[in-house]
Amino acid sequence: MLDIIMDRRSIRKFTPEKVTEQQVEQLLQAAVMAPSAQNRQPWHFIVCDDKTLFQQFQQIHPYSKMLDEAPLLIVVCGDTQQQAGPQFYLEDCAAATENILLAAHALGLGACWLGLPPDSERQAQVQQLFRMPEHIKPFCGIALGVPAQQPSRPERKLDGLVHKNIW
(Lines give C-alpha, C1' and ligand atoms only; values in the text may rest on other atoms or scores of the structure.)
Protein backbone atom coordinates (compact mmCIF):
# COMPACT_ATOMS: atom_id res chain seq x y z
CA MET A 1 0.00 0.00 0.00
CA LEU A 2 2.80 2.47 0.79
CA ASP A 3 4.31 1.72 -2.62
CA ILE A 4 1.75 4.13 -4.11
CA ILE A 5 3.32 6.90 -2.03
CA MET A 6 6.92 5.75 -2.43
CA ASP A 7 6.79 5.14 -6.19
CA ARG A 8 4.74 8.17 -7.30
CA ARG A 9 6.80 10.57 -9.40
CA SER A 10 6.17 13.72 -11.39
CA ILE A 11 5.55 12.62 -14.96
CA ARG A 12 6.38 15.01 -17.78
CA LYS A 13 6.08 12.70 -20.81
CA PHE A 14 2.78 11.14 -21.83
CA THR A 15 1.42 8.79 -24.48
CA PRO A 16 -1.37 10.07 -26.76
CA GLU A 17 -3.88 7.83 -24.93
CA LYS A 18 -6.80 9.71 -23.35
CA VAL A 19 -7.78 9.72 -19.68
CA THR A 20 -11.22 8.12 -19.44
CA GLU A 21 -14.26 9.79 -17.89
CA GLN A 22 -14.30 7.02 -15.29
CA GLN A 23 -10.68 7.78 -14.36
CA VAL A 24 -11.46 11.51 -14.09
CA GLU A 25 -14.39 10.71 -11.80
CA GLN A 26 -12.15 8.53 -9.62
CA LEU A 27 -9.50 11.26 -9.41
CA LEU A 28 -12.06 13.86 -8.36
CA GLN A 29 -13.64 11.49 -5.83
CA ALA A 30 -10.18 11.00 -4.33
CA ALA A 31 -9.69 14.79 -4.23
CA VAL A 32 -12.84 15.49 -2.24
CA MET A 33 -11.90 12.84 0.33
CA ALA A 34 -8.98 15.04 1.43
CA PRO A 35 -9.08 16.61 4.88
CA SER A 36 -9.96 20.29 5.10
CA ALA A 37 -10.07 22.82 7.92
CA GLN A 38 -13.41 22.56 9.74
CA ASN A 39 -14.48 20.23 6.90
CA ARG A 40 -15.31 23.33 4.84
CA GLN A 41 -14.08 21.67 1.61
CA PRO A 42 -13.34 24.96 -0.17
CA TRP A 43 -12.26 23.38 -3.43
CA HIS A 44 -13.46 23.41 -7.01
CA PHE A 45 -11.94 21.64 -10.01
CA ILE A 46 -11.76 22.63 -13.67
CA VAL A 47 -11.28 19.60 -15.91
CA CYS A 48 -9.77 20.82 -19.17
CA ASP A 49 -8.93 18.95 -22.37
CA ASP A 50 -8.90 22.01 -24.65
CA LYS A 51 -5.48 22.28 -26.31
CA THR A 52 -6.02 26.00 -26.99
CA LEU A 53 -6.42 26.58 -23.25
CA PHE A 54 -3.34 24.40 -22.66
CA GLN A 55 -1.31 26.69 -24.94
CA GLN A 56 -2.58 29.78 -23.13
CA PHE A 57 -1.81 28.18 -19.77
CA GLN A 58 1.72 27.45 -21.03
CA GLN A 59 2.21 31.13 -21.86
CA ILE A 60 1.36 31.96 -18.23
CA HIS A 61 3.13 29.07 -16.50
CA PRO A 62 6.79 28.70 -17.53
CA TYR A 63 7.12 25.11 -16.22
CA SER A 64 4.15 23.54 -18.02
CA LYS A 65 5.81 22.29 -21.23
CA MET A 66 4.48 18.77 -20.54
CA LEU A 67 1.04 20.04 -21.61
CA ASP A 68 2.28 19.60 -25.19
CA GLU A 69 1.75 15.86 -24.63
CA ALA A 70 -0.66 15.61 -21.68
CA PRO A 71 -4.27 14.96 -22.68
CA LEU A 72 -5.78 16.45 -19.52
CA LEU A 73 -5.33 19.36 -17.12
CA ILE A 74 -7.13 19.64 -13.81
CA VAL A 75 -7.02 23.09 -12.24
CA VAL A 76 -7.52 22.88 -8.48
CA CYS A 77 -9.17 26.02 -7.13
CA GLY A 78 -9.96 27.39 -3.70
CA ASP A 79 -13.12 29.21 -2.69
CA THR A 80 -12.15 32.09 -0.41
CA GLN A 81 -15.78 32.46 0.72
CA GLN A 82 -15.92 28.81 1.83
CA GLN A 83 -12.53 28.50 3.56
CA ALA A 84 -12.26 28.26 7.36
CA GLY A 85 -9.92 31.25 7.69
CA PRO A 86 -7.62 33.55 5.70
CA GLN A 87 -5.57 31.60 3.16
CA PHE A 88 -6.78 28.24 4.59
CA TYR A 89 -7.77 27.18 1.07
CA LEU A 90 -4.05 26.75 0.36
CA GLU A 91 -3.64 23.81 2.77
CA ASP A 92 -7.00 22.33 1.86
CA CYS A 93 -6.27 22.44 -1.88
CA ALA A 94 -2.79 21.01 -1.28
CA ALA A 95 -4.36 17.98 0.42
CA ALA A 96 -6.84 17.54 -2.45
CA THR A 97 -4.01 17.89 -4.97
CA GLU A 98 -1.90 15.23 -3.27
CA ASN A 99 -4.91 12.89 -3.28
CA ILE A 100 -5.26 13.41 -7.04
CA LEU A 101 -1.55 12.72 -7.58
CA LEU A 102 -1.66 9.51 -5.52
CA ALA A 103 -4.92 8.35 -7.12
CA ALA A 104 -3.47 8.98 -10.59
CA HIS A 105 -0.50 6.77 -9.80
CA ALA A 106 -2.77 4.07 -8.34
CA LEU A 107 -4.80 4.13 -11.58
CA GLY A 108 -1.69 3.76 -13.75
CA LEU A 109 -1.74 7.40 -14.82
CA GLY A 110 1.01 9.96 -14.61
CA ALA A 111 0.67 13.46 -13.22
CA CYS A 112 2.69 16.60 -12.63
CA TRP A 113 1.81 19.33 -10.10
CA LEU A 114 2.03 22.83 -11.61
CA GLY A 115 2.05 25.19 -8.65
CA LEU A 116 0.78 28.74 -8.71
CA PRO A 117 2.19 31.20 -6.19
CA PRO A 118 -0.65 32.74 -4.15
CA ASP A 119 -1.42 36.41 -4.69
CA SER A 120 0.78 36.46 -7.79
CA GLU A 121 0.38 37.77 -11.31
CA ARG A 122 0.51 34.16 -12.55
CA GLN A 123 -2.39 33.17 -10.29
CA ALA A 124 -4.40 36.19 -11.48
CA GLN A 125 -3.75 35.33 -15.13
CA VAL A 126 -4.90 31.71 -14.66
CA GLN A 127 -7.98 32.99 -12.83
CA GLN A 128 -8.75 35.22 -15.81
CA LEU A 129 -7.96 32.52 -18.40
CA PHE A 130 -10.51 30.13 -16.91
CA ARG A 131 -13.04 32.93 -16.19
CA MET A 132 -13.19 32.25 -12.46
CA PRO A 133 -15.21 34.50 -10.17
CA GLU A 134 -13.15 36.80 -7.93
CA HIS A 135 -13.59 34.62 -4.83
CA ILE A 136 -12.28 31.49 -6.62
CA LYS A 137 -8.48 31.30 -6.66
CA PRO A 138 -6.52 28.83 -8.79
CA PHE A 139 -4.21 26.84 -6.53
CA CYS A 140 -2.43 24.68 -9.12
CA GLY A 141 -2.74 22.81 -12.35
CA ILE A 142 -2.19 19.07 -12.65
CA ALA A 143 -1.06 17.70 -16.02
CA LEU A 144 -2.42 14.16 -16.40
CA GLY A 145 -2.16 11.28 -18.82
CA VAL A 146 -0.82 7.81 -19.44
CA PRO A 147 2.89 7.97 -18.59
CA ALA A 148 5.46 7.51 -21.34
CA GLN A 149 8.17 7.31 -18.68
CA GLN A 150 8.55 5.89 -15.20
CA PRO A 151 11.32 7.59 -13.25
CA SER A 152 12.92 5.44 -10.58
CA ARG A 153 12.43 5.99 -6.89
CA PRO A 154 15.04 8.45 -5.61
CA GLU A 155 16.88 7.80 -2.41
CA ARG A 156 15.60 10.06 0.34
CA LYS A 157 16.79 10.01 3.92
CA LEU A 158 15.41 11.28 7.19
CA ASP A 159 18.87 12.01 8.56
CA GLY A 160 18.91 15.45 10.15
CA LEU A 161 15.23 16.11 9.41
CA VAL A 162 13.55 14.59 12.45
CA HIS A 163 13.62 16.17 15.90
CA LYS A 164 12.06 14.59 18.97
CA ASN A 165 10.12 16.69 21.46
CA ILE A 166 12.20 19.85 20.80
CA TRP A 167 14.53 20.98 18.05
# chains A, B, ... in the order shown; residues from 1 in each chain; ligands from 1

$ select_by_dssp --residues "chain A" --states "strand (DSSP E or B)" --output "PyMOL selection string"
chain A and resi 10+14+43-48+72-79+110-115+136-145+147

$ residues_around --residues "Glu21 in chain A" --least-positions-apart "6" --cutoff "12 Å" --atoms "only C-alpha atoms" --output "list in words"
Leu27, Leu28, Val47, Cys48, Asp49 and Leu72 of chain A

$ residues_around --residues "range 38-44 of chain A" --least-positions-apart "6" --cutoff "6 Å" --atoms "only C-alpha atoms" --output "tab-separated table (two decimals) with N, CA, C and O atoms, in the first residue's frame"
chain	number	residue	atom	x	y	z
A	77	CYS	N	-8.86	24.65	-7.52
A	77	CYS	CA	-9.17	26.02	-7.13
A	77	CYS	C	-9.70	26.07	-5.71
A	77	CYS	O	-10.34	25.12	-5.24
A	78	GLY	N	-9.46	27.19	-5.04
A	78	GLY	CA	-9.96	27.39	-3.70
A	78	GLY	C	-11.00	28.49	-3.65
A	78	GLY	O	-10.86	29.53	-4.30
A	79	ASP	N	-12.04	28.25	-2.87
A	79	ASP	CA	-13.12	29.21	-2.69
A	79	ASP	C	-12.85	30.01	-1.42
A	79	ASP	O	-12.98	29.48	-0.31
A	82	GLN	N	-15.59	30.08	1.17
A	82	GLN	CA	-15.92	28.81	1.83
A	82	GLN	C	-14.83	28.36	2.81
A	82	GLN	O	-15.07	27.51	3.65
A	83	GLN	N	-13.65	28.94	2.72
A	83	GLN	CA	-12.53	28.50	3.56
A	83	GLN	C	-12.77	28.84	5.03
A	83	GLN	O	-13.53	29.75	5.36

$ closest_residue --among "A:Arg156, A:His61, A:His105, A:Lys164" --to "Cys140 in chain A" --atoms "only C-alpha atoms"
A:His61

$ atom_distance --atom1 "CA of Phe57 in chain A" --atom2 "CA of Glu121 in chain A"
13.0 Å

$ closest_residue --among "A:Leu90, A:Gln56, A:Thr20, A:Ala31" --to "Gln128 in chain A" --atoms "only C-alpha atoms"
A:Gln56

$ atom_distance --atom1 "CA of Met1 in chain A" --atom2 "CA of Gln29 in chain A"
18.8 Å

$ residues_around --residues "range 136-138 of chain A" --least-positions-apart "4" --cutoff "7 Å" --atoms "only C-alpha atoms" --output "ChimeraX atom specification"
/A:75-80,123,126-127,132

$ closest_residue --among "A:Pro35, A:Gln81, A:Arg12, A:Asp7" --to "Glu134 in chain A" --atoms "only C-alpha atoms"
A:Gln81

$ closest_residue --among "A:Leu158, A:Val19, A:Ile46, A:Met6" --to "Leu129 in chain A" --atoms "only C-alpha atoms"
A:Ile46

$ atom_distance --atom1 "CA of Tyr89 in chain A" --atom2 "CA of Gln22 in chain A"
26.8 Å

$ closest_residue --among "A:Asp50, A:Glu91, A:Asp3, A:Asp68" --to "Ala37 in chain A" --atoms "only C-alpha atoms"
A:Glu91

$ residues_around --residues "range 141-155 of chain A" --least-positions-apart "2" --cutoff "9 Å" --atoms "only C-alpha atoms" --output "short mmCIF file (atom, residue, chain, number, x, y, z; two decimals) with N, CA and C atoms, in the first residue's frame"
data_model
loop_
_atom_site.label_atom_id
_atom_site.label_comp_id
_atom_site.auth_asym_id
_atom_site.auth_seq_id
_atom_site.Cartn_x
_atom_site.Cartn_y
_atom_site.Cartn_z
N MET A 6 5.48 5.81 -2.19
CA MET A 6 6.92 5.75 -2.43
C MET A 6 7.30 5.80 -3.91
N ASP A 7 6.45 5.24 -4.77
CA ASP A 7 6.79 5.14 -6.19
C ASP A 7 6.20 6.26 -7.05
N ARG A 8 5.32 7.09 -6.51
CA ARG A 8 4.74 8.17 -7.30
C ARG A 8 5.82 9.18 -7.67
N ARG A 9 5.84 9.59 -8.90
CA ARG A 9 6.80 10.57 -9.40
C ARG A 9 6.09 11.59 -10.27
N SER A 10 6.69 12.74 -10.43
CA SER A 10 6.17 13.72 -11.39
C SER A 10 6.47 13.21 -12.79
N ILE A 11 5.43 13.12 -13.59
CA ILE A 11 5.55 12.62 -14.96
C ILE A 11 5.42 13.80 -15.92
N ARG A 12 6.37 13.90 -16.83
CA ARG A 12 6.38 15.01 -17.78
C ARG A 12 6.33 14.55 -19.23
N LYS A 13 6.22 13.24 -19.45
CA LYS A 13 6.08 12.70 -20.81
C LYS A 13 4.90 11.73 -20.80
N PHE A 14 4.02 11.91 -21.78
CA PHE A 14 2.78 11.14 -21.83
C PHE A 14 2.57 10.50 -23.20
N THR A 15 1.84 9.40 -23.22
CA THR A 15 1.42 8.79 -24.48
C THR A 15 0.22 9.58 -24.99
N PRO A 16 -0.19 9.37 -26.23
CA PRO A 16 -1.37 10.07 -26.76
C PRO A 16 -2.70 9.55 -26.19
N GLU A 17 -2.66 8.45 -25.46
CA GLU A 17 -3.88 7.83 -24.93
C GLU A 17 -4.62 8.80 -24.01
N LYS A 18 -5.95 8.82 -24.13
CA LYS A 18 -6.80 9.71 -23.35
C LYS A 18 -7.02 9.17 -21.94
N VAL A 19 -7.32 10.07 -21.02
CA VAL A 19 -7.78 9.72 -19.68
C VAL A 19 -9.29 9.53 -19.79
N SER A 64 5.26 24.41 -17.63
CA SER A 64 4.15 23.54 -18.02
C SER A 64 4.31 22.96 -19.43
N MET A 66 5.05 20.12 -20.39
CA MET A 66 4.48 18.77 -20.54
C MET A 66 3.05 18.79 -21.06
N LEU A 67 2.39 19.95 -21.05
CA LEU A 67 1.04 20.04 -21.61
C LEU A 67 1.03 19.88 -23.12
N GLU A 69 2.08 17.28 -24.48
CA GLU A 69 1.75 15.86 -24.63
C GLU A 69 0.58 15.41 -23.76
N ALA A 70 0.38 16.05 -22.62
CA ALA A 70 -0.66 15.61 -21.68
C ALA A 70 -2.05 15.81 -22.29
N PRO A 71 -2.93 14.81 -22.14
CA PRO A 71 -4.27 14.96 -22.68
C PRO A 71 -5.25 15.67 -21.74
N LEU A 72 -4.83 15.91 -20.48
CA LEU A 72 -5.78 16.45 -19.52
C LEU A 72 -5.07 17.39 -18.54
N LEU A 73 -5.78 18.43 -18.15
CA LEU A 73 -5.33 19.36 -17.12
C LEU A 73 -6.47 19.53 -16.13
N ILE A 74 -6.17 19.32 -14.86
CA ILE A 74 -7.13 19.64 -13.81
C ILE A 74 -6.58 20.85 -13.08
N VAL A 75 -7.39 21.91 -13.00
CA VAL A 75 -7.02 23.09 -12.24
C VAL A 75 -7.74 23.00 -10.90
N VAL A 76 -6.97 22.93 -9.83
CA VAL A 76 -7.52 22.88 -8.48
C VAL A 76 -7.66 24.32 -7.99
N CYS A 77 -8.86 24.65 -7.52
CA CYS A 77 -9.17 26.02 -7.13
C CYS A 77 -9.70 26.07 -5.71
N THR A 97 -4.96 18.09 -3.87
CA THR A 97 -4.01 17.89 -4.97
C THR A 97 -3.20 16.62 -4.75
N ILE A 100 -5.17 13.62 -5.59
CA ILE A 100 -5.26 13.41 -7.04
C ILE A 100 -3.98 12.76 -7.56
N LEU A 101 -2.83 13.26 -7.11
CA LEU A 101 -1.55 12.72 -7.58
C LEU A 101 -1.40 11.24 -7.20
N ALA A 104 -3.93 9.13 -9.20
CA ALA A 104 -3.47 8.98 -10.59
C ALA A 104 -2.46 7.84 -10.69
N GLY A 108 -2.60 3.96 -12.63
CA GLY A 108 -1.69 3.76 -13.75
C GLY A 108 -1.50 4.99 -14.60
N LEU A 109 -1.91 6.14 -14.10
CA LEU A 109 -1.74 7.40 -14.82
C LEU A 109 -0.51 8.12 -14.29
N GLY A 110 -0.06 9.10 -15.04
CA GLY A 110 1.01 9.96 -14.61
C GLY A 110 0.48 11.36 -14.40
N ALA A 111 1.14 12.11 -13.52
CA ALA A 111 0.67 13.46 -13.22
C ALA A 111 1.85 14.34 -12.83
N CYS A 112 1.68 15.63 -13.04
CA CYS A 112 2.69 16.60 -12.63
C CYS A 112 1.99 17.83 -12.05
N TRP A 113 2.36 18.19 -10.83
CA TRP A 113 1.81 19.33 -10.10
C TRP A 113 2.43 20.60 -10.67
N LEU A 114 1.59 21.54 -11.07
CA LEU A 114 2.03 22.83 -11.61
C LEU A 114 1.57 23.93 -10.67
N GLY A 115 2.42 24.26 -9.70
CA GLY A 115 2.05 25.19 -8.65
C GLY A 115 1.87 26.61 -9.14
N LEU A 116 1.01 27.32 -8.44
CA LEU A 116 0.78 28.74 -8.71
C LEU A 116 1.02 29.51 -7.42
N PRO A 138 -7.20 30.04 -8.32
CA PRO A 138 -6.52 28.83 -8.79
C PRO A 138 -5.34 28.52 -7.87
N PHE A 139 -5.29 27.28 -7.42
CA PHE A 139 -4.21 26.84 -6.53
C PHE A 139 -3.07 26.20 -7.34
N LYS A 157 16.46 10.41 2.55
CA LYS A 157 16.79 10.01 3.92
C LYS A 157 16.18 10.98 4.92
#
